[in-house]
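*Asks:* First the structure, which I've put down as structure tokens, then a few questions once you've had a look.
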Amino acid sequence: MNTSEKKVALITGASRGIGKECALELAKAGYNIVITYAGNDDAANKTVSEIKALNVEAEAYKFDVSNSDECKENIGKILEKHGQIDALVNNAGITRDNLMLRMTDEAWNSVINTNLNSMFYMTQPIVKAMMKKRQGVIINMSSIVGVYGNAGQINYSAAKAGVIGFTKSLAKEVASRNIRVNAIAPGFIQTDMTKDLDTSKIVEAIPLKKLGDVSDIAKTVKFLVTDAPYITGQVICVDGGLVI
């Protein structure tokens with residue numbers, strides 16, 4: 001595949017963790033990569049270098065995905081430069097855990113804005129471009145806590161459940177234009193978000209008796225993007241069987 005023929009994948013929140021691994025996996029599949037990130041310049045630059053080493057183009061855009069104006073501005077720049085975005089992975093997310101009675105408005109709003117509102121802000125302008133091309137794939141990162149809830153994460157659970165409704169509804173709206181929309185619901189994956197947790201009880205509850213790896217999510221993203229032309233509107237739980 002020549003550089004000029006390569007498709008373009010945009011992954012939000014991809015300077016590290018799951019997003020980074022998704023970017024690397026799609027780069028291995030031959031996609032030119034655009035990543036977004038919120039703050040860590042060094043991590044973003046390192047990720048871009050690693051992607052370029054896979055013989056594809058890569059660049060990073062620093063902006064707040066929970067800000068509608070910043071999303072429109074930067075997506076406009078990306079589309080102007082590349083002409084199209086073939087795959088969008090809405091991965092950016094944060095946690096602000098607390099029990100309902102102790103949760104602040106800021107903790108609620110910041111998680112809803114970053115984990116749910118950003119999906120709308122990023123997807124709307126990109127899906128318009130995809131509809132003109134009559135092709136595209138969108139992957140939205142949900143969570144198993146969006147499927148079955150979790151005490152102390154009412155904001156995160158609500159946002160991730162919203163992602164599922166967003167995914168299913170959009171899939172119905174754009175299927176006629178050959179655009180597929182799916183969600184992935186990771187279980188407990190070894191990332192910076194889980195490194196401080198006591199995982200012994202968690203592992204005991206997982207049928208496969210182990211935490212997941214970021215590569216488990218990235219390979220699922222790659223499958224949905226490149227090898228699943230008849231799958232849309234689905235939620236794929238990658239959780240070792242936890243929600244069985």
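Residue numbering restarts at 1 for every chain of the structure tokens, chains are lettered A, B, ... in their displayed order, and ligands are numbered from 1 as they appear.
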For the interface of segment 100-163 of chain A with segment 83-89 of chain A (cut-off 6 Å, counting only C-alpha atoms), please tabulate each contacting residue of segment 100-163 of chain A alongside its nearest pair of atoms and their separation in Å to one decimal, rows sorted by chain and increasing number, as CSV.
*Replies:*
residue,atom,partner,partner_atom,distance
A:Gly136,CA,A:Asp86,CA,4.9
A:Val137,CA,A:Ala87,CA,4.7
A:Ile138,CA,A:Leu88,CA,4.8
A:Ile139,CA,A:Val89,CA,4.7
A:Asn140,CA,A:Val89,CA,6.0
*Asks:* Given only C-alpha atoms, how would the per-residue table for segment 8-105 of chain A near segment 200-224 of chain A read, listing every residue at most 8 Å away with its closest atom pair and distance in Å to one decimal, sorted by chain and number, as JSON lines?
*Replies:*
{"residue": "A:Gly17", "atom": "CA", "partner": "A:Val214", "partner_atom": "CA", "distance": 6.8}
{"residue": "A:Ile18", "atom": "CA", "partner": "A:Val214", "partner_atom": "CA", "distance": 5.1}
{"residue": "A:Gly19", "atom": "CA", "partner": "A:Ala218", "partner_atom": "CA", "distance": 7.9}
{"residue": "A:Glu21", "atom": "CA", "partner": "A:Ala218", "partner_atom": "CA", "distance": 5.7}
{"residue": "A:Cys22", "atom": "CA", "partner": "A:Ala218", "partner_atom": "CA", "distance": 4.3}
{"residue": "A:Ala23", "atom": "CA", "partner": "A:Ala218", "partner_atom": "CA", "distance": 7.9}
{"residue": "A:Glu25", "atom": "CA", "partner": "A:Ala218", "partner_atom": "CA", "distance": 6.2}
{"residue": "A:Leu26", "atom": "CA", "partner": "A:Lys222", "partner_atom": "CA", "distance": 6.0}
{"residue": "A:Ala29", "atom": "CA", "partner": "A:Lys222", "partner_atom": "CA", "distance": 7.7}
*Asks:* Hey, can you spit out that residue selection with all heavy atoms as a short mmCIF file (atom, residue, chain, number, x, y, z; two decimals), in the first residue's frame?
*Replies:*
data_model
loop_
_atom_site.label_atom_id
_atom_site.label_comp_id
_atom_site.auth_asym_id
_atom_site.auth_seq_id
_atom_site.Cartn_x
_atom_site.Cartn_y
_atom_site.Cartn_z
N GLY A 17 -1.40 4.40 26.98
CA GLY A 17 -2.44 3.46 27.36
C GLY A 17 -3.15 2.80 26.20
O GLY A 17 -2.56 2.48 25.16
N ILE A 18 -4.45 2.59 26.36
CA ILE A 18 -5.25 1.89 25.35
C ILE A 18 -5.23 2.64 24.02
O ILE A 18 -5.09 2.03 22.96
CB ILE A 18 -6.70 1.71 25.85
CG1 ILE A 18 -6.74 0.67 26.98
CG2 ILE A 18 -7.62 1.29 24.71
CD1 ILE A 18 -8.10 0.52 27.64
N GLY A 19 -5.36 3.95 24.07
CA GLY A 19 -5.37 4.74 22.84
C GLY A 19 -4.10 4.58 22.04
O GLY A 19 -4.13 4.43 20.81
N GLU A 21 -2.00 2.06 22.11
CA GLU A 21 -1.92 0.70 21.56
C GLU A 21 -2.84 0.55 20.34
O GLU A 21 -2.49 -0.12 19.37
CB GLU A 21 -2.28 -0.32 22.64
CG GLU A 21 -1.89 -1.75 22.31
CD GLU A 21 -0.39 -1.99 22.29
OE1 GLU A 21 0.36 -1.17 22.88
OE2 GLU A 21 0.04 -2.98 21.68
N CYS A 22 -4.01 1.19 20.40
CA CYS A 22 -4.92 1.17 19.24
C CYS A 22 -4.27 1.84 18.03
O CYS A 22 -4.38 1.35 16.90
CB CYS A 22 -6.23 1.87 19.58
SG CYS A 22 -7.25 1.00 20.79
N ALA A 23 -3.60 2.96 18.28
CA ALA A 23 -2.92 3.68 17.20
C ALA A 23 -1.84 2.82 16.57
O ALA A 23 -1.71 2.74 15.33
CB ALA A 23 -2.33 4.98 17.74
N GLU A 25 -1.63 -0.46 16.59
CA GLU A 25 -2.24 -1.62 15.92
C GLU A 25 -2.78 -1.24 14.54
O GLU A 25 -2.60 -1.97 13.56
CB GLU A 25 -3.34 -2.20 16.79
CG GLU A 25 -3.83 -3.57 16.36
CD GLU A 25 -2.81 -4.68 16.61
OE1 GLU A 25 -1.95 -4.55 17.49
OE2 GLU A 25 -2.90 -5.69 15.88
N LEU A 26 -3.43 -0.07 14.46
CA LEU A 26 -3.96 0.37 13.16
C LEU A 26 -2.82 0.79 12.23
O LEU A 26 -2.93 0.64 11.01
CB LEU A 26 -4.96 1.50 13.36
CG LEU A 26 -6.28 1.08 14.00
CD1 LEU A 26 -7.17 2.29 14.25
CD2 LEU A 26 -7.02 0.06 13.14
N ALA A 29 -1.63 -2.12 10.54
CA ALA A 29 -2.56 -2.52 9.48
C ALA A 29 -2.48 -1.61 8.26
O ALA A 29 -3.22 -1.79 7.29
CB ALA A 29 -3.99 -2.52 10.03
#
*Asks:* Neighbouring residues of Lys72 of chain A were defined as those with any atom within 10 Å, considering only C-alpha atoms; residues of the same chain fewer than 5 positions away were excluded. Please report them as a list in words.
*Replies:* Val65, Asn67, Lys77, Ile78, Tyr121, Met122, Thr123, Gln124, Pro125 and Ile126 of chain A
*Asks:* Let me see the file: selected residues, C-alpha atoms, as a PDB file, in the first residue's frame.
*Replies:*
ATOM      1  CA  VAL A  65     -12.112  16.911  23.212  1.00  0.00           C
ATOM      2  CA  ASN A  67     -14.721  21.528  23.979  1.00  0.00           C
ATOM      3  CA  LYS A  77      -7.490  21.114   9.965  1.00  0.00           C
ATOM      4  CA  ILE A  78      -7.148  17.331   9.838  1.00  0.00           C
ATOM      5  CA  TYR A 121     -18.278  16.812  19.411  1.00  0.00           C
ATOM      6  CA  MET A 122     -15.743  14.571  17.654  1.00  0.00           C
ATOM      7  CA  THR A 123     -18.120  12.373  15.715  1.00  0.00           C
ATOM      8  CA  GLN A 124     -20.565  14.895  14.235  1.00  0.00           C
ATOM      9  CA  PRO A 125     -18.109  16.725  11.928  1.00  0.00           C
ATOM     10  CA  ILE A 126     -16.279  13.523  11.051  1.00  0.00           C
TER      11      ILE A 126
END
*Asks:* As number ranges by chain, list the residues of segment 25-204 of chain A assigned to strand (DSSP E or B) by DSSP on the backbone atoms of this structure.
*Replies:* A: 32-37, 58-62, 87-90, 98, 136-141, 153, 179-186, 189
*Asks:* For segment 43-60 of chain A, please output as a PyMOL selection string all residues within 9 Å (counting only C-alpha atoms; exclusion window: fewer than 5 positions along the same chain).
*Replies:* chain A and resi 3+6+14-16+20+23-24+27-28+30-37
*Asks:* Please give the complete set of residues from segment 12-233 of chain A that DSSP, run on the backbone, assigns to alpha helix (DSSP H), formatted as number ranges by chain.
*Replies:* A: 17-28, 41-52, 68-82, 105-112, 118-133, 145-148, 154-174, 200-205, 214-226
*Asks:* Take atom CA of Ala228 of chain A and atom CA of Gly240 of chain A and report the distance between them in Å, one decimal.
*Replies:*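 It comes out at 21.1 Å.
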*Asks:* I'd like the neighbourhood of segment 142-144 of chain A as number ranges by chain, where a residue qualifies if any of its atoms comes within 10 Å (using only C-alpha atoms), though same-chain residues fewer than 4 positions away should be ignored.
*Replies:* A: 90-91, 93, 115-116, 148-150, 156-157, 159-164, 167, 182-188, 235-239, 242-243
*Asks:* Give the answer as one residue: which of A:Ile94, A:Arg180, A:Ile244, A:Ser110 has the shortest atom-to-atom distance to Thr194 of chain A, using only C-alpha atoms?
*Replies:* A:Ile94
*Asks:* Which residue is closest to Asp97 of chain A? Choose from A:Val127, A:Val174, A:Ile11, A:Ala151 and count only C-alpha atoms.
*Replies:*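 Once distances to Asp97 of chain A are computed over only C-alpha atoms, the minimum belongs to A:Ala151.
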